Amino acid sequence: MTKFSEFKNGCLQEIPLQLGVFPFGIAYGILGIEVGLTNIQTFLLSIIIFAGVSQIVFAQLFSTFTPSFMIVGTIGIVNLRHILYGVSLSSYLKKLSLKWRIILSYLITDEAFAISYKRFSEEKKTKYMHFHLLGSGITLWTSWQISTLIGIFIGPSIPNSLNLEYVIPLSFIAIVVVSINTKIKLIVFIMSALFSILLRDLPWNLWIITSALISIIIGVLISNFRKGKK
């Protein structure tokens with residue numbers, strides 16, 4: 001696998017997920033304008049934060065005149081899941097230069113992580129695997145910026161009957177489904193869904209990271225138990 005082939009595969013494998021990402025970006029663009037952000041502010045959030053859920057949370061908190069420190073803290077908590085992404089990818093990226101790690105850390109988002117982690121987990125490993133993440137990340141970044149612009153400028157003419165708000169949870173379901181290839185991962189997925197429902201009333205959106213951590217711990221315990229029986 002060459003640099004170009006890894007990059008190309010990352011781009012191509014990321015494209016199907018844009019069916020969920022693109023409407024999500026449009027929905028964010030519309031929301032940003034509706035809550036009082038200017039066109040440039042709405043667009044710059046997509047470049048600076050580049051994290052769909054966090055941008056939605058920011059817009060919603062901004063609309064209720066939430067203090068700045070609380071907005072920053074809430075977004076930080078929502079983005080704690082990126083720590084899990086970083087830990088999962090660290091063994092594959094730790095030998096890269098600081099420049100590469102900075103670039104890829106900016107591009108690691110939910111959809112890009114899902115696609116590239118699947119590639120990194122394959123037995124056929126190469127020294128150019130990080131180009132796969134570069135490809136998936138750039139594809140997602142480009143799609144997100146374009147869809148945000150569409151939401152900003154064309155959003156008001158989009159009929160409410162399309163119910164774009166449902167795209168947000170559907171896009172995350174699509175992310176998870178492509179990575180479920182073992183029984184343990186299926187168990188973790190189900191447990192995470194159940195704990196998300198049970199813990200949904202936790203403050204500061206802590207249900208996101210809490211349900212994920214509990215489910216991962218359960219998955220690790222089950223995996224160790226099964227290994228111990230062999």
# chains A, B, ... in the order shown; residues from 1 in each chain; ligands from 1
>>> residues_around(residues="stretch 18-32 of chain A", least_positions_apart="2", cutoff="9 Å", atoms="only C-alpha atoms", output="number ranges by chain")
A: 14-16, 34-39, 41-43, 46, 52, 55-56, 59-60, 111, 139-140, 143-156, 164-168, 170-172, 174
>>> write_last_selection(atoms="C-alpha atoms", output="mmCIF file, in the first residue's frame")
data_model
loop_
_atom_site.group_PDB
_atom_site.id
_atom_site.type_symbol
_atom_site.label_atom_id
_atom_site.label_comp_id
_atom_site.auth_asym_id
_atom_site.auth_seq_id
_atom_site.Cartn_x
_atom_site.Cartn_y
_atom_site.Cartn_z
ATOM 1 C CA GLU A 14 -15.518 8.002 4.206
ATOM 2 C CA ILE A 15 -17.809 9.166 1.402
ATOM 3 C CA PRO A 16 -20.824 6.897 2.243
ATOM 4 C CA GLU A 34 -31.428 30.969 14.127
ATOM 5 C CA VAL A 35 -29.768 31.482 17.539
ATOM 6 C CA GLY A 36 -28.241 34.802 16.513
ATOM 7 C CA LEU A 37 -24.735 33.959 15.309
ATOM 8 C CA THR A 38 -23.558 35.823 12.236
ATOM 9 C CA ASN A 39 -22.741 34.003 9.006
ATOM 10 C CA GLN A 41 -19.298 33.195 13.278
ATOM 11 C CA THR A 42 -21.337 30.148 12.313
ATOM 12 C CA PHE A 43 -18.838 29.172 9.631
ATOM 13 C CA SER A 46 -17.085 24.701 11.885
ATOM 14 C CA GLY A 52 -20.763 18.575 15.101
ATOM 15 C CA GLN A 55 -21.144 23.043 17.727
ATOM 16 C CA ILE A 56 -24.814 22.203 18.266
ATOM 17 C CA ALA A 59 -25.277 27.234 19.568
ATOM 18 C CA GLN A 60 -27.955 26.075 22.004
ATOM 19 C CA GLU A 111 -16.857 9.524 11.381
ATOM 20 C CA THR A 139 -13.080 14.205 3.177
ATOM 21 C CA LEU A 140 -15.163 14.759 6.297
ATOM 22 C CA SER A 143 -18.084 17.886 3.469
ATOM 23 C CA TRP A 144 -18.728 19.572 6.830
ATOM 24 C CA GLN A 145 -17.615 23.008 5.664
ATOM 25 C CA ILE A 146 -19.667 22.831 2.450
ATOM 26 C CA SER A 147 -22.787 21.612 4.264
ATOM 27 C CA THR A 148 -22.392 24.345 6.896
ATOM 28 C CA LEU A 149 -22.292 26.992 4.155
ATOM 29 C CA ILE A 150 -25.396 25.499 2.546
ATOM 30 C CA GLY A 151 -27.206 25.642 5.891
ATOM 31 C CA ILE A 152 -26.168 29.251 6.390
ATOM 32 C CA PHE A 153 -27.196 30.575 2.989
ATOM 33 C CA ILE A 154 -29.881 28.168 1.749
ATOM 34 C CA GLY A 155 -31.257 26.915 5.058
ATOM 35 C CA PRO A 156 -34.215 29.317 5.271
ATOM 36 C CA LEU A 164 -33.283 17.551 9.416
ATOM 37 C CA GLU A 165 -32.980 17.346 13.211
ATOM 38 C CA TYR A 166 -33.381 13.562 12.978
ATOM 39 C CA VAL A 167 -30.225 13.365 10.890
ATOM 40 C CA ILE A 168 -28.046 14.007 13.938
ATOM 41 C CA LEU A 170 -29.059 8.761 12.651
ATOM 42 C CA SER A 171 -25.570 9.810 11.582
ATOM 43 C CA PHE A 172 -24.108 8.558 14.869
ATOM 44 C CA ALA A 174 -24.311 4.885 11.080
#
>>> residues_around(residues="stretch 199-208 of chain A", least_positions_apart="2", cutoff="12 Å", atoms="only C-alpha atoms", output="VMD selection string")
chain A and resid 53 to 54 57 61 70 to 82 84 191 to 197 210 to 215
>>> closest_residue(among="A:Met129, A:Phe189, A:Lys8, A:Ile184", to="A:Phe225", atoms="only C-alpha atoms")
A:Ile184
>>> atom_distance(atom1="atom CA of A:Ser90", atom2="atom CA of A:Leu45")
26.7 Å
>>> closest_residue(among="A:Leu12, A:Ile33, A:Ala51, A:Ser5", to="A:Leu107", atoms="only C-alpha atoms")
A:Ala51
>>> closest_residue(among="A:Ser88, A:Thr126, A:Asn224, A:Thr142", to="A:Ala114", atoms="only C-alpha atoms")
A:Ser88
>>> select_by_dssp(residues="stretch 53-217 of chain A", states="helix (DSSP H, G or I)", output="JSON, numbers by chain")
{"A": [53, 54, 55, 56, 57, 58, 59, 60, 61, 62, 63, 68, 69, 70, 71, 72, 73, 74, 75, 76, 77, 78, 81, 82, 83, 84, 85, 86, 87, 88, 89, 90, 91, 92, 93, 98, 99, 100, 101, 102, 103, 104, 105, 106, 107, 110, 111, 112, 113, 114, 115, 116, 117, 118, 119, 120, 130, 131, 132, 133, 134, 135, 136, 137, 138, 139, 140, 141, 142, 143, 144, 145, 146, 147, 148, 149, 150, 151, 152, 153, 154, 155, 156, 157, 160, 161, 162, 164, 165, 166, 167, 168, 169, 170, 171, 172, 173, 174, 175, 176, 177, 183, 184, 185, 186, 187, 188, 189, 190, 191, 192, 193, 194, 195, 196, 197, 198, 203, 204, 205, 206, 207, 208, 209, 210, 211, 212, 213, 214, 215, 216, 217]}
>>> residues_around(residues="stretch 131-135 of chain A", least_positions_apart="4", cutoff="6 Å", atoms="only C-alpha atoms", output="list of chain:residue names")
A:Glu6, A:Phe7, A:Gly10, A:Cys11, A:Ser116
>>> write_last_selection(atoms="all heavy atoms", output="PDB file, in the first residue's frame")
ATOM      1  N   GLU A   6      -3.453   4.527   0.315  1.00  0.00           N
ATOM      2  CA  GLU A   6      -4.025   4.643   1.663  1.00  0.00           C
ATOM      3  C   GLU A   6      -4.902   5.892   1.746  1.00  0.00           C
ATOM      4  O   GLU A   6      -6.016   5.850   2.278  1.00  0.00           O
ATOM      5  CB  GLU A   6      -2.909   4.715   2.714  1.00  0.00           C
ATOM      6  CG  GLU A   6      -2.160   3.423   2.936  1.00  0.00           C
ATOM      7  CD  GLU A   6      -2.905   2.429   3.800  1.00  0.00           C
ATOM      8  OE1 GLU A   6      -4.114   2.634   4.053  1.00  0.00           O
ATOM      9  OE2 GLU A   6      -2.289   1.438   4.238  1.00  0.00           O
ATOM     10  N   PHE A   7      -4.399   7.002   1.216  1.00  0.00           N
ATOM     11  CA  PHE A   7      -5.147   8.257   1.220  1.00  0.00           C
ATOM     12  C   PHE A   7      -6.446   8.110   0.425  1.00  0.00           C
ATOM     13  O   PHE A   7      -7.518   8.523   0.876  1.00  0.00           O
ATOM     14  CB  PHE A   7      -4.289   9.376   0.628  1.00  0.00           C
ATOM     15  CG  PHE A   7      -4.970  10.712   0.582  1.00  0.00           C
ATOM     16  CD1 PHE A   7      -5.012  11.524   1.701  1.00  0.00           C
ATOM     17  CD2 PHE A   7      -5.579  11.155  -0.583  1.00  0.00           C
ATOM     18  CE1 PHE A   7      -5.646  12.766   1.669  1.00  0.00           C
ATOM     19  CE2 PHE A   7      -6.212  12.397  -0.628  1.00  0.00           C
ATOM     20  CZ  PHE A   7      -6.246  13.197   0.496  1.00  0.00           C
ATOM     21  N   GLY A  10      -8.990   6.003   2.264  1.00  0.00           N
ATOM     22  CA  GLY A  10      -9.600   6.764   3.354  1.00  0.00           C
ATOM     23  C   GLY A  10     -10.685   7.689   2.846  1.00  0.00           C
ATOM     24  O   GLY A  10     -11.759   7.791   3.443  1.00  0.00           O
ATOM     25  N   CYS A  11     -10.414   8.342   1.710  1.00  0.00           N
ATOM     26  CA  CYS A  11     -11.412   9.245   1.111  1.00  0.00           C
ATOM     27  C   CYS A  11     -12.647   8.480   0.663  1.00  0.00           C
ATOM     28  O   CYS A  11     -13.787   8.855   0.980  1.00  0.00           O
ATOM     29  CB  CYS A  11     -10.802   9.982  -0.084  1.00  0.00           C
ATOM     30  SG  CYS A  11      -9.492  11.156   0.328  1.00  0.00           S
ATOM     31  N   SER A 116     -11.227   4.986   9.876  1.00  0.00           N
ATOM     32  CA  SER A 116      -9.789   4.724   9.905  1.00  0.00           C
ATOM     33  C   SER A 116      -9.397   3.732  10.991  1.00  0.00           C
ATOM     34  O   SER A 116      -8.453   2.958  10.816  1.00  0.00           O
ATOM     35  CB  SER A 116      -9.011   6.039  10.075  1.00  0.00           C
ATOM     36  OG  SER A 116      -9.101   6.805   8.899  1.00  0.00           O
TER      37      SER A 116
END
>>> closest_residue(among="A:Tyr92, A:Trp100, A:Tyr106, A:Tyr85", to="A:Lys125", atoms="only C-alpha atoms")
A:Tyr92
